[in-house]
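Colleague: This is the content of structure_12.csv (CSV, C-alpha atoms):
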```csv
chain,number,residue,atom,x,y,z
A,1369,MET,CA,5.9,-24.8,-16.4
A,1370,VAL,CA,9.0,-25.1,-14.3
A,1371,GLY,CA,10.2,-22.8,-11.6
A,1372,MET,CA,13.9,-22.4,-11.2
A,1373,GLY,CA,14.2,-22.3,-7.4
A,1374,ALA,CA,16.1,-19.7,-5.6
A,1375,ALA,CA,17.3,-22.1,-2.9
A,1376,SER,CA,20.5,-23.0,-4.6
A,1377,GLY,CA,22.4,-22.5,-7.8
A,1378,ALA,CA,21.5,-25.9,-9.2
A,1379,ALA,CA,19.2,-26.4,-12.1
A,1380,PRO,CA,15.8,-28.1,-11.4
A,1381,ALA,CA,16.1,-31.9,-10.8
A,1382,GLY,CA,15.7,-34.0,-13.9
A,1383,ASP,CA,15.8,-33.2,-17.5
A,1384,VAL,CA,13.1,-30.6,-17.4
A,1385,ALA,CA,13.1,-29.8,-21.1
A,1386,ALA,CA,13.1,-33.5,-22.3
A,1387,GLY,CA,10.6,-34.0,-25.0
A,1388,ALA,CA,9.8,-30.4,-25.5
A,1389,GLU,CA,9.7,-29.0,-29.0
A,1390,LEU,CA,9.6,-25.4,-27.7
A,1391,VAL,CA,11.4,-24.0,-24.6
A,1392,VAL,CA,10.6,-20.5,-23.4
A,1393,GLY,CA,12.5,-18.6,-20.7
A,1394,GLY,CA,14.9,-15.9,-19.7
A,1395,ARG,CA,18.4,-16.2,-21.1
A,1396,ARG,CA,19.9,-17.3,-17.8
A,1397,HIS,CA,17.1,-19.9,-17.4
A,1398,LEU,CA,17.8,-21.4,-20.9
A,1399,ASP,CA,21.5,-21.4,-20.2
A,1400,ALA,CA,20.9,-23.4,-16.9
A,1401,VAL,CA,19.2,-26.4,-18.4
A,1402,ARG,CA,20.0,-29.2,-20.9
A,1403,LEU,CA,18.2,-28.5,-24.1
A,1404,PRO,CA,17.1,-31.3,-26.5
A,1405,GLU,CA,18.8,-31.4,-29.9
A,1406,GLY,CA,17.0,-29.2,-32.4
A,1407,VAL,CA,14.6,-27.7,-29.9
A,1408,ARG,CA,13.3,-24.2,-30.7
A,1409,THR,CA,13.9,-21.6,-27.9
A,1410,VAL,CA,12.3,-18.2,-27.3
A,1411,VAL,CA,14.1,-15.8,-25.0
A,1412,LEU,CA,11.4,-14.3,-22.8
A,1413,GLY,CA,11.1,-10.5,-23.2
A,1414,ALA,CA,7.8,-9.0,-24.3
A,1415,LEU,CA,5.1,-11.5,-23.1
A,1416,ALA,CA,2.5,-11.2,-25.8
A,1417,PRO,CA,4.7,-12.4,-28.7
A,1418,ALA,CA,6.0,-15.3,-26.6
A,1419,LEU,CA,2.5,-16.4,-25.8
A,1420,ASP,CA,1.6,-16.2,-29.5
A,1421,THR,CA,4.4,-18.6,-30.2
A,1422,VAL,CA,3.4,-21.0,-27.4
A,1423,ALA,CA,-0.2,-20.9,-28.9
A,1424,GLU,CA,1.1,-22.1,-32.3
A,1425,TYR,CA,2.6,-25.2,-30.6
A,1426,VAL,CA,-0.3,-25.8,-28.3
A,1427,ALA,CA,-2.7,-25.7,-31.2
A,1428,ARG,CA,-0.8,-28.5,-32.9
A,1429,GLY,CA,-0.6,-30.5,-29.6
A,1430,ARG,CA,3.2,-30.1,-29.5
A,1431,PRO,CA,4.9,-30.1,-26.0
A,1432,VAL,CA,6.2,-26.8,-24.6
A,1433,THR,CA,8.3,-26.1,-21.6
A,1434,VAL,CA,8.3,-22.6,-20.0
A,1435,LEU,CA,11.0,-21.7,-17.5
A,1436,ALA,CA,10.7,-19.0,-14.9
A,1437,SER,CA,12.2,-17.8,-11.6
A,1438,GLY,CA,11.1,-19.3,-8.3
A,1439,ASP,CA,7.4,-20.1,-7.9
A,1440,PRO,CA,5.8,-19.0,-11.2
A,1441,GLY,CA,2.4,-19.1,-9.5
A,1442,PHE,CA,3.3,-16.3,-7.2
A,1443,PHE,CA,3.2,-13.0,-9.1
A,1444,GLY,CA,4.4,-15.0,-12.0
A,1445,ILE,CA,3.7,-16.3,-15.5
A,1446,VAL,CA,1.2,-19.0,-14.4
A,1447,ARG,CA,-1.6,-16.4,-14.4
A,1448,ALA,CA,-1.0,-15.4,-18.0
A,1449,LEU,CA,-0.7,-19.0,-19.2
A,1450,ALA,CA,-3.8,-20.1,-17.3
A,1451,GLU,CA,-5.8,-17.2,-18.7
A,1452,ARG,CA,-4.7,-17.9,-22.3
A,1453,PHE,CA,-4.7,-21.7,-22.3
A,1454,GLY,CA,-6.7,-22.8,-19.3
A,1455,PRO,CA,-5.2,-24.2,-16.0
A,1456,GLU,CA,-6.0,-27.8,-17.0
A,1457,ARG,CA,-3.4,-27.6,-19.8
A,1458,LEU,CA,-0.6,-26.7,-17.3
A,1459,ASP,CA,1.8,-28.9,-15.4
A,1460,VAL,CA,3.3,-26.5,-12.9
A,1461,ARG,CA,6.5,-27.5,-11.0
A,1462,ALA,CA,7.2,-24.7,-8.6
A,1463,GLY,CA,10.6,-23.8,-7.2
A,1464,VAL,CA,11.4,-21.8,-4.1
A,1465,SER,CA,10.2,-18.3,-4.5
A,1466,SER,CA,12.6,-15.3,-4.1
A,1467,VAL,CA,10.5,-14.0,-1.2
A,1468,ALA,CA,10.8,-17.3,0.7
A,1469,ALA,CA,14.5,-17.5,-0.1
A,1470,ALA,CA,15.2,-13.9,1.0
A,1471,PHE,CA,13.4,-14.3,4.3
A,1472,ALA,CA,15.3,-17.6,4.9
A,1473,ARG,CA,18.6,-15.8,4.3
A,1474,VAL,CA,17.9,-13.4,7.1
A,1475,GLY,CA,16.4,-16.0,9.5
A,1476,LEU,CA,12.9,-14.4,9.7
A,1477,PRO,CA,9.5,-16.1,9.3
A,1478,TRP,CA,7.3,-14.6,6.6
A,1479,ASP,CA,3.8,-15.8,7.2
A,1480,ASP,CA,3.1,-12.3,8.6
A,1481,ALA,CA,4.8,-10.4,5.8
A,1482,VAL,CA,3.0,-8.4,3.2
A,1483,VAL,CA,4.2,-9.0,-0.4
A,1484,ALA,CA,3.9,-6.2,-3.0
A,1485,SER,CA,4.9,-6.4,-6.6
A,1486,ALA,CA,6.4,-3.3,-8.2
A,1487,HIS,CA,7.3,-5.2,-11.4
A,1488,GLY,CA,5.4,-3.4,-14.1
A,1489,ARG,CA,3.2,-1.7,-11.5
A,1490,ASP,CA,2.9,1.6,-9.8
A,1491,LEU,CA,5.6,1.9,-7.2
A,1492,ARG,CA,3.5,4.0,-4.9
A,1493,THR,CA,1.4,1.0,-3.8
A,1494,ALA,CA,4.5,-0.8,-2.6
A,1495,VAL,CA,5.8,2.4,-0.9
A,1496,ASN,CA,2.5,2.9,1.0
A,1497,VAL,CA,2.5,-0.7,2.1
A,1498,CYS,CA,6.1,-0.4,3.4
A,1499,ARG,CA,5.2,2.7,5.4
A,1500,ALA,CA,2.2,1.1,7.0
A,1501,HIS,CA,3.4,-2.4,7.8
A,1502,PRO,CA,6.5,-3.6,9.7
A,1503,LYS,CA,7.5,-6.5,7.4
A,1504,VAL,CA,7.1,-6.2,3.6
A,1505,ALA,CA,8.7,-7.9,0.6
A,1506,VAL,CA,8.8,-5.9,-2.6
A,1507,LEU,CA,9.3,-7.7,-5.9
A,1508,THR,CA,11.3,-5.2,-8.0
A,1509,GLY,CA,11.3,-4.2,-11.6
A,1510,PRO,CA,12.9,-1.7,-14.0
A,1511,GLY,CA,12.5,1.8,-12.5
A,1512,ALA,CA,11.1,0.3,-9.3
A,1513,GLY,CA,14.1,-1.1,-7.5
A,1514,PRO,CA,16.0,-0.5,-4.2
A,1515,ALA,CA,17.1,3.0,-5.3
A,1516,GLU,CA,13.6,4.2,-6.1
A,1517,LEU,CA,12.1,2.5,-3.0
A,1518,GLY,CA,14.9,4.0,-0.8
A,1519,ALA,CA,14.3,7.5,-2.2
A,1520,ALA,CA,10.6,7.3,-1.2
A,1521,LEU,CA,11.2,5.8,2.2
A,1522,ARG,CA,14.4,7.5,3.3
A,1523,ASP,CA,12.7,9.2,6.3
A,1524,ASP,CA,10.6,6.3,7.5
A,1525,GLY,CA,13.0,4.5,9.8
A,1526,ARG,CA,13.1,1.2,7.9
A,1527,VAL,CA,15.9,-1.2,7.1
A,1528,PHE,CA,16.2,-2.7,3.7
A,1529,VAL,CA,17.5,-6.2,2.9
A,1530,VAL,CA,18.4,-6.3,-0.8
A,1531,ALA,CA,18.6,-9.8,-2.2
A,1532,SER,CA,20.2,-10.0,-5.6
A,1533,ALA,CA,20.8,-13.0,-8.0
A,1534,LEU,CA,19.3,-15.4,-5.4
A,1535,GLY,CA,20.4,-19.0,-6.0
A,1536,SER,CA,23.3,-18.1,-8.3
A,1537,ALA,CA,27.1,-17.9,-7.7
A,1538,GLU,CA,26.7,-14.1,-7.7
A,1539,GLU,CA,24.1,-14.1,-4.9
A,1540,ARG,CA,24.3,-11.0,-2.6
A,1541,VAL,CA,22.1,-10.3,0.5
A,1542,GLU,CA,22.9,-6.8,1.9
A,1543,ARG,CA,21.4,-4.8,4.8
A,1544,VAL,CA,21.2,-1.1,4.0
A,1545,THR,CA,19.3,2.0,5.0
A,1546,PRO,CA,16.9,3.5,2.6
A,1547,ALA,CA,19.2,6.4,2.1
A,1548,GLU,CA,22.1,4.1,1.2
A,1549,ALA,CA,19.8,2.2,-1.2
A,1550,ALA,CA,18.8,5.4,-2.9
A,1551,ALA,CA,22.4,6.4,-3.5
A,1552,ARG,CA,23.5,3.2,-5.4
A,1553,ASP,CA,23.1,1.7,-8.8
A,1554,TRP,CA,21.9,-1.8,-8.2
A,1555,GLY,CA,21.8,-3.1,-11.8
A,1556,THR,CA,19.3,-5.6,-12.9
A,1557,ALA,CA,20.1,-8.6,-10.7
A,1558,VAL,CA,17.9,-7.6,-7.7
A,1559,SER,CA,15.4,-10.3,-6.9
A,1560,VAL,CA,13.5,-8.8,-3.9
A,1561,VAL,CA,13.7,-6.1,-1.3
A,1562,LEU,CA,12.7,-6.7,2.3
A,1563,CYS,CA,11.5,-3.5,4.0
A,1564,LEU,CA,11.6,-4.1,7.8
A,1565,ASP,CA,10.8,-2.2,10.9
A,1566,GLY,CA,13.6,-3.7,13.1
A,1567,ALA,CA,11.6,-3.3,16.4
A,1568,ARG,CA,8.5,-5.1,15.0
A,1569,ALA,CA,9.8,-7.4,12.3
A,1570,PRO,CA,9.9,-10.7,14.2
A,1571,GLY,CA,6.1,-10.4,14.6
A,1572,PRO,CA,3.7,-12.3,16.8
A,1573,VAL,CA,2.3,-15.8,16.1
A,1574,ARG,CA,-0.6,-15.5,13.8
A,1575,ALA,CA,-3.3,-17.7,12.3
A,1576,LEU,CA,-3.7,-15.8,9.0
A,1577,ALA,CA,-0.9,-15.0,6.6
A,1578,GLY,CA,-0.2,-11.7,4.8
A,1579,VAL,CA,-1.8,-8.4,5.7
A,1580,ARG,CA,-2.9,-8.4,9.3
A,1581,PRO,CA,-6.6,-8.8,9.8
A,1582,GLY,CA,-8.6,-5.6,9.9
A,1583,PRO,CA,-9.8,-4.3,13.3
A,1584,ALA,CA,-12.8,-5.9,14.8
A,1585,GLY,CA,-14.4,-2.5,15.2
A,1586,TRP,CA,-13.7,1.1,14.2
A,1587,ALA,CA,-15.2,4.5,15.0
A,1588,LEU,CA,-13.7,4.0,18.5
A,1589,ALA,CA,-15.0,5.8,21.5
A,1590,GLU,CA,-13.3,9.1,22.3
A,1591,ASP,CA,-11.8,7.7,25.5
A,1592,ALA,CA,-9.7,5.3,23.3
A,1593,PHE,CA,-7.6,8.4,22.5
A,1594,THR,CA,-5.7,11.0,24.5
A,1595,HIS,CA,-7.2,14.4,23.6
A,1596,ARG,CA,-7.4,18.0,24.9
A,1597,ASP,CA,-10.7,19.3,26.3
A,1598,SER,CA,-12.9,17.0,24.2
A,1599,MET,CA,-11.2,18.4,21.0
A,1600,ILE,CA,-11.6,15.2,19.1
A,1601,THR,CA,-13.6,14.1,16.1
A,1602,LYS,CA,-16.6,12.3,17.7
A,1603,PHE,CA,-17.1,8.7,16.8
A,1604,GLU,CA,-20.4,9.2,14.9
A,1605,VAL,CA,-18.6,11.7,12.6
A,1606,ARG,CA,-15.5,9.5,12.4
A,1607,ALA,CA,-17.6,6.5,11.3
A,1608,LEU,CA,-19.0,8.4,8.2
A,1609,ALA,CA,-15.7,10.0,7.5
A,1610,LEU,CA,-14.0,6.6,7.4
A,1611,ALA,CA,-16.7,5.3,5.1
A,1612,ARG,CA,-16.1,8.2,2.7
A,1613,LEU,CA,-12.3,8.1,2.9
A,1614,GLY,CA,-12.2,4.3,2.3
A,1615,PRO,CA,-8.7,3.6,3.7
A,1616,ARG,CA,-7.1,0.3,2.7
A,1617,PRO,CA,-3.7,-1.3,2.3
A,1618,GLY,CA,-1.7,0.4,-0.4
A,1619,ASP,CA,-3.5,3.7,0.1
A,1620,LEU,CA,-2.0,7.0,1.5
A,1621,VAL,CA,-4.3,9.1,3.6
A,1622,TRP,CA,-3.6,12.6,4.9
A,1623,ASP,CA,-5.2,13.8,8.2
A,1624,VAL,CA,-4.8,17.6,8.0
A,1625,GLY,CA,-5.4,19.4,11.3
A,1626,ALA,CA,-5.0,16.1,13.0
A,1627,GLY,CA,-5.6,17.3,16.6
A,1628,SER,CA,-5.5,14.0,18.6
A,1629,GLY,CA,-5.0,12.0,15.5
A,1630,SER,CA,-8.1,9.9,16.0
A,1631,VAL,CA,-8.9,9.8,12.2
A,1632,ALA,CA,-5.3,9.2,11.3
A,1633,VAL,CA,-5.0,6.3,13.8
A,1634,GLU,CA,-8.2,4.7,12.6
A,1635,CYS,CA,-7.1,4.9,8.9
A,1636,ALA,CA,-3.8,3.2,9.9
A,1637,ARG,CA,-5.7,0.5,11.8
A,1638,LEU,CA,-7.5,-0.2,8.5
A,1639,GLY,CA,-4.1,-0.7,6.7
A,1640,ALA,CA,-3.4,2.6,5.0
A,1641,ALA,CA,-0.2,4.6,5.2
A,1642,VAL,CA,-1.0,7.9,6.9
A,1643,THR,CA,0.5,11.4,7.1
A,1644,ALA,CA,-0.9,13.4,10.0
A,1645,VAL,CA,-0.4,17.2,9.8
A,1646,GLU,CA,-0.7,19.2,13.1
A,1647,ARG,CA,0.3,22.7,13.8
A,1648,THR,CA,0.7,22.6,17.6
A,1649,PRO,CA,3.7,20.9,19.3
A,1650,ASP,CA,1.4,19.4,22.0
A,1651,GLY,CA,-0.9,18.1,19.3
A,1652,VAL,CA,2.0,16.4,17.6
A,1653,GLY,CA,2.9,14.7,20.8
A,1654,ARG,CA,-0.7,13.5,21.3
A,1655,VAL,CA,-0.9,12.1,17.7
A,1656,ARG,CA,2.3,10.2,18.3
A,1657,ALA,CA,1.2,8.9,21.7
A,1658,ASN,CA,-2.2,7.7,20.3
A,1659,ALA,CA,-0.4,6.0,17.3
A,1660,ALA,CA,1.9,4.2,19.7
A,1661,ALA,CA,-1.0,3.2,22.0
A,1662,HIS,CA,-2.8,1.6,19.0
A,1663,GLY,CA,0.3,-0.1,17.5
A,1664,VAL,CA,0.3,1.8,14.2
A,1665,ASP,CA,3.0,3.7,12.4
A,1666,LEU,CA,2.2,7.3,11.3
A,1667,ARG,CA,4.3,10.0,9.7
A,1668,VAL,CA,3.6,13.1,11.7
A,1669,VAL,CA,4.4,16.5,10.2
A,1670,HIS,CA,4.5,19.6,12.4
A,1671,GLY,CA,3.3,22.7,10.6
A,1672,ALA,CA,0.4,24.9,9.7
A,1673,ALA,CA,-1.7,24.1,6.6
A,1674,PRO,CA,-1.9,25.1,3.8
A,1675,ALA,CA,1.8,26.2,3.7
A,1676,VAL,CA,3.2,23.0,5.2
A,1677,LEU,CA,1.5,20.9,2.5
A,1678,ALA,CA,3.8,22.3,-0.2
A,1679,GLY,CA,6.6,20.4,1.5
A,1680,LEU,CA,4.9,17.0,1.1
A,1681,ASP,CA,6.2,15.4,-2.1
A,1682,GLU,CA,3.5,12.7,-2.1
A,1683,VAL,CA,0.1,12.2,-3.7
A,1684,PRO,CA,-2.6,11.1,-1.2
A,1685,ASP,CA,-5.4,8.9,-2.2
A,1686,ALA,CA,-7.8,10.5,0.3
A,1687,VAL,CA,-7.6,13.5,2.7
A,1688,PHE,CA,-9.5,14.3,5.9
A,1689,VAL,CA,-9.6,18.0,6.9
A,1690,GLY,CA,-10.5,18.4,10.5
A,1691,GLY,CA,-9.4,22.0,11.2
A,1692,GLY,CA,-8.4,25.2,9.4
A,1693,GLY,CA,-10.3,28.2,10.7
A,1694,ARG,CA,-10.2,31.1,8.3
A,1695,GLU,CA,-7.7,29.2,6.2
A,1696,LEU,CA,-10.1,26.4,5.6
A,1697,PRO,CA,-11.0,27.2,1.9
A,1698,SER,CA,-7.4,27.4,0.9
A,1699,ILE,CA,-6.6,24.2,2.8
A,1700,VAL,CA,-9.5,22.3,1.2
A,1701,ALA,CA,-8.6,23.7,-2.3
A,1702,GLU,CA,-5.0,22.5,-1.9
A,1703,CYS,CA,-6.0,19.0,-0.6
A,1704,ALA,CA,-8.6,18.7,-3.4
A,1705,ARG,CA,-5.9,19.5,-6.0
A,1706,ARG,CA,-3.6,16.8,-4.6
A,1707,ALA,CA,-6.0,14.0,-3.7
A,1708,ARG,CA,-6.4,11.1,-6.2
A,1709,ARG,CA,-9.8,9.9,-4.9
A,1710,SER,CA,-11.6,11.9,-2.2
A,1711,VAL,CA,-11.5,14.7,0.4
A,1712,VAL,CA,-13.6,14.7,3.5
A,1713,VAL,CA,-14.1,17.9,5.5
A,1714,ALA,CA,-15.6,18.2,9.0
A,1715,VAL,CA,-16.9,21.7,9.8
A,1716,ALA,CA,-18.5,22.9,13.0
A,1717,ALA,CA,-19.2,26.5,11.9
A,1718,LEU,CA,-22.1,27.0,9.5
A,1719,ASP,CA,-20.5,30.1,8.0
A,1720,ARG,CA,-17.5,28.0,6.7
A,1721,VAL,CA,-19.6,25.4,4.8
A,1722,PRO,CA,-20.2,27.3,1.6
A,1723,ALA,CA,-16.5,28.2,1.0
A,1724,ALA,CA,-15.4,24.6,1.8
A,1725,ARG,CA,-18.0,23.3,-0.7
A,1726,GLU,CA,-16.9,25.8,-3.4
A,1727,ALA,CA,-13.3,24.7,-2.9
A,1728,LEU,CA,-14.2,21.1,-3.5
A,1729,LEU,CA,-16.3,21.9,-6.6
A,1730,GLY,CA,-13.7,24.3,-7.9
A,1731,ALA,CA,-11.2,21.4,-7.9
A,1732,GLY,CA,-13.5,19.3,-10.1
A,1733,LEU,CA,-14.7,17.0,-7.4
A,1734,ASP,CA,-18.3,15.9,-7.1
A,1735,CYS,CA,-19.5,17.2,-3.8
A,1736,ASP,CA,-22.1,16.0,-1.2
A,1737,GLY,CA,-22.6,16.3,2.5
A,1738,VAL,CA,-24.7,16.0,5.6
A,1739,LEU,CA,-25.4,17.7,8.9
A,1740,LEU,CA,-24.8,15.1,11.6
A,1741,GLN,CA,-26.7,15.5,14.8
A,1742,SER,CA,-26.8,12.7,17.4
A,1743,SER,CA,-28.0,12.1,20.9
A,1744,ARG,CA,-26.3,9.6,23.1
A,1745,LEU,CA,-27.9,7.6,25.9
A,1746,ALA,CA,-26.9,9.1,29.3
A,1747,PRO,CA,-27.8,7.9,32.8
A,1748,LEU,CA,-29.9,9.8,35.2
A,1749,PRO,CA,-30.4,9.3,38.9
A,1750,GLY,CA,-33.0,6.7,39.7
A,1751,ASP,CA,-31.8,4.2,37.1
A,1752,VAL,CA,-33.3,6.0,34.2
A,1753,THR,CA,-31.8,7.3,30.9
A,1754,ARG,CA,-31.9,10.6,29.0
A,1755,LEU,CA,-30.7,11.6,25.6
A,1756,ALA,CA,-27.6,13.9,25.6
A,1757,ALA,CA,-27.1,15.8,22.4
A,1758,THR,CA,-23.7,16.2,20.8
A,1759,ASN,CA,-22.7,19.3,18.9
A,1760,PRO,CA,-23.9,19.2,15.3
A,1761,VAL,CA,-21.2,18.8,12.6
A,1762,PHE,CA,-21.3,19.4,8.9
A,1763,LEU,CA,-19.5,16.6,7.0
A,1764,LEU,CA,-18.7,17.4,3.3
A,1765,TRP,CA,-17.0,15.1,0.9
A,1766,GLY,CA,-15.7,15.6,-2.6
A,1767,VAL,CA,-15.0,12.6,-4.9
A,1768,ARG,CA,-13.0,12.8,-8.0
A,1769,PRO,CA,-15.0,11.5,-11.0
A,1770,HIS,CA,-13.9,8.0,-12.0
A,1771,GLY,CA,-10.9,8.1,-14.4
A,1772,ARG,CA,-10.4,11.9,-14.2
A,1773,THR,CA,-7.0,12.5,-12.7
A,1774,GLU,CA,-5.8,15.4,-14.8
A,1775,GLY,CA,-6.1,17.8,-11.8
A,1776,VAL,CA,-4.0,15.7,-9.5
A,1777,ALA,CA,-0.6,17.2,-8.8
A,1778,PRO,CA,2.3,16.3,-6.5
```
If you took the structure in this file and wrote it as structure tokens, what would it be?

Modeller:
Amino acid sequence: MVGMGAASGAAPAGDVAAGAELVVGGRRHLDAVRLPEGVRTVVLGALAPALDTVAEYVARGRPVTVLASGDPGFFGIVRALAERFGPERLDVRAGVSSVAAAFARVGLPWDDAVVASAHGRDLRTAVNVCRAHPKVAVLTGPGAGPAELGAALRDDGRVFVVASALGSAEERVERVTPAEAAARDWGTAVSVVLCLDGARAPGPVRALAGVRPGPAGWALAEDAFTHRDSMITKFEVRALALARLGPRPGDLVWDVGAGSGSVAVECARLGAAVTAVERTPDGVGRVRANAAAHGVDLRVVHGAAPAVLAGLDEVPDAVFVGGGGRELPSIVAECARRARRSVVVAVAALDRVPAAREALLGAGLDCDGVLLQSSRLAPLPGDVTRLAATNPVFLLWGVRPHGRTEGVAP
């Protein structure tokens, strides 16, 4: 297994196909090496037939060379070969990966970068990671290249570095805006797209590579956020809401009726992309200020639900509904129609619970809930302590049954 490195246009050192009776690789890989006389070649397209051919030679103990781009153990063919034939049968000689080469071309370290593959995978995961993290490399594929990525991220203030044909005479490394990327036909030579937040891309020194470590704690105290007149989801409620939302890297979470944005910020701290919807201008300002204070990036939408939700051309994985008043049933119904996984609703008024529950059930979600009542330790004069009760809150959640996504709509 030989990786054709992206560091230069030269073929791998040595006669990599010497002694092989079968050589498998892309057309450009086969053209770049010296092939033994009479060797059989397979141009790599569909993987399964190629692996079947390799299996015929392996069964007879005949030598096979497989050529691939960069480091074939990094989102590459090594996984498929190891699963089919066992890692002990492989002699892997890795080249320089396209991700490492792309970051080298722009002079940035990449130990703190998140790498997402959109090759043969759902593009939305890569999009959500790009929205949530300041330095992301996206491995592209048909229908999931710079144009599609740019169309999804045109309003998120990122810069793209599009690296094409790395290591070849036709190599191109271009900086473009997402809108510029969306307007172009990039062909099939794109190797990787770097999605960067220019202000945060250099990044701090870290001890762990990849996705930044999760927060040491969550369900932060209310005084960790700017809020108005204690109008904030209390930390006891937030703790259970986060458990039911399950935010993680690659997810998109909506916080509808965001208020101070405490739930939105906590979801972002756990690695999810977040859209916070808030109807008041001063609330929008508080959400943005709290996001900046906690070092996370949120998309903030100013408008009243449910009407404003129609303008969001995205499908959330999970939704938190923290406001709504008389519009609550229609807000919950719309969120439940759109959510892929779950909807969590915080309700203070007893009268609104049945309608919210019916909206979740009506959308085909399995529904459950609790009444949360807590009392916090509070000091009294004389160095003694009392219990101070917080206002009770109903927390409802609806979970889409596993595998049932026919009701999800953009």

Colleague: In Å, with one decimal, what is the gap from CA of Val1561 in chain A to CA of Val1530 in chain A?

Modeller: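 Value for the CA of Val1561 in chain A-CA of Val1530 in chain A distance: 4.7 Å.
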
Colleague: Excluding range 1743-1749 of chain A and its own-chain neighbours fewer than 5 positions away, which residues fall within 10 Å of it when counting all atoms listed in the file? Please give them as a PyMOL selection string.

Modeller: chain A and resi 1754-1760

Colleague: Please list as number ranges by chain every residue within 6 Å of range 1515-1521 of chain A, counting all atoms listed in the file and excluding residues in the same chain fewer than 4 positions away.

Modeller: A: 1546-1547, 1549-1550

Colleague: So which residues touch Val1560 in chain A within 12 Å, counting only C-alpha atoms, skipping near sequence neighbours fewer than 3 positions away, as a PyMOL selection string?

Modeller: chain A and resi 1374+1437-1438+1465-1471+1473+1483-1487+1504-1509+1512-1514+1517+1528-1534+1539-1542+1554+1556-1557+1563

Colleague: Set the distance at 12 Å and use only C-alpha atoms: which residues neighbour Asp1719 in chain A once local chain neighbours fewer than 5 positions away are removed? I'd like the list as a list of chain:residue names.

Modeller: A:Gly1693, A:Arg1694, A:Leu1696, A:Pro1697, A:Ala1724, A:Arg1725, A:Phe1762

Colleague: Would you mind listing what lies within 12 Å of Val1721 in chain A as a list of chain:residue names, with all atoms listed in the file counted and same-chain residues fewer than 2 positions away left out?

Modeller: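 So the residues in contact are A:Gly1693, A:Arg1694, A:Leu1696, A:Pro1697, A:Val1700, A:Val1713, A:Ala1714, A:Val1715, A:Ala1716, A:Ala1717, A:Leu1718, A:Asp1719, A:Ala1723, A:Ala1724, A:Arg1725, A:Glu1726, A:Ala1727, A:Leu1728, A:Cys1735, A:Asp1736, A:Gly1737, A:Val1738, A:Leu1739, A:Val1761, A:Phe1762, A:Leu1763, A:Leu1764, A:Trp1765.
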
Colleague: Which residue is closest to Arg1499 in chain A? Choose from A:Ala1701, A:Ala1636, A:Ala1575, A:Ala1472 and count only C-alpha atoms.

Modeller: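 Among the listed residues, the smallest separation from Arg1499 in chain A belongs to A:Ala1636.
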
Colleague: For the point (-6.7, 22.4, 2.9) in the file's frame, write as a list in words all residues with an atom no more than 10 Å away, counting all atoms listed in the file.

Modeller: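 Checked against the point, the hits come out as Val1624, Gly1625, Ala1673, Pro1674, Ala1675, Leu1677, Val1687, Phe1688, Val1689, Gly1690, Gly1691, Gly1692, Glu1695, Leu1696, Pro1697, Ser1698, Ile1699, Val1700, Ala1701, Glu1702, Cys1703, Ala1704, Arg1705, Arg1706, Val1711, Val1713, Ala1724, Ala1727 and Leu1728 of chain A.
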
Colleague: Just give me the gap between CA of Arg1461 in chain A and CA of Gly1371 in chain A in Å, one decimal is fine.

Modeller: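 The value is 6.0 Å.
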
Colleague: Please compute the CA of Glu1634 in chain A-CA of Val1497 in chain A distance, one decimal, in Å.

Modeller: 15.9 Å

Colleague: Which protein, DNA or RNA residues have an atom at most 10 Å from (-18.8, 10.3, 11.2), counting all atoms listed in the file? List them as a ChimeraX atom specification.

Modeller: /A:1587,1601-1612,1631,1714,1738,1740,1761-1763

Colleague: Store the residues picked out above in a file with C-alpha atoms, as a compact mmCIF listing (two decimals), keeping the file's coordinate frame.

Modeller:
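As a result, part_25.txt now contains:
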```txt
# COMPACT_ATOMS: atom_id res chain seq x y z
CA ALA A 1587 -15.20 4.50 15.00
CA THR A 1601 -13.60 14.10 16.10
CA LYS A 1602 -16.60 12.30 17.70
CA PHE A 1603 -17.10 8.70 16.80
CA GLU A 1604 -20.40 9.20 14.90
CA VAL A 1605 -18.60 11.70 12.60
CA ARG A 1606 -15.50 9.50 12.40
CA ALA A 1607 -17.60 6.50 11.30
CA LEU A 1608 -19.00 8.40 8.20
CA ALA A 1609 -15.70 10.00 7.50
CA LEU A 1610 -14.00 6.60 7.40
CA ALA A 1611 -16.70 5.30 5.10
CA ARG A 1612 -16.10 8.20 2.70
CA VAL A 1631 -8.90 9.80 12.20
CA ALA A 1714 -15.60 18.20 9.00
CA VAL A 1738 -24.70 16.00 5.60
CA LEU A 1740 -24.80 15.10 11.60
CA VAL A 1761 -21.20 18.80 12.60
CA PHE A 1762 -21.30 19.40 8.90
CA LEU A 1763 -19.50 16.60 7.00
```

Colleague: With only C-alpha atoms as the basis for distance, which of A:His1501, A:Arg1396, A:Arg1768, A:Arg1709 is at the shortest distance from Val1642 in chain A?

Modeller: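 Residue with the minimum atom-to-atom distance to Val1642 in chain A: A:His1501.
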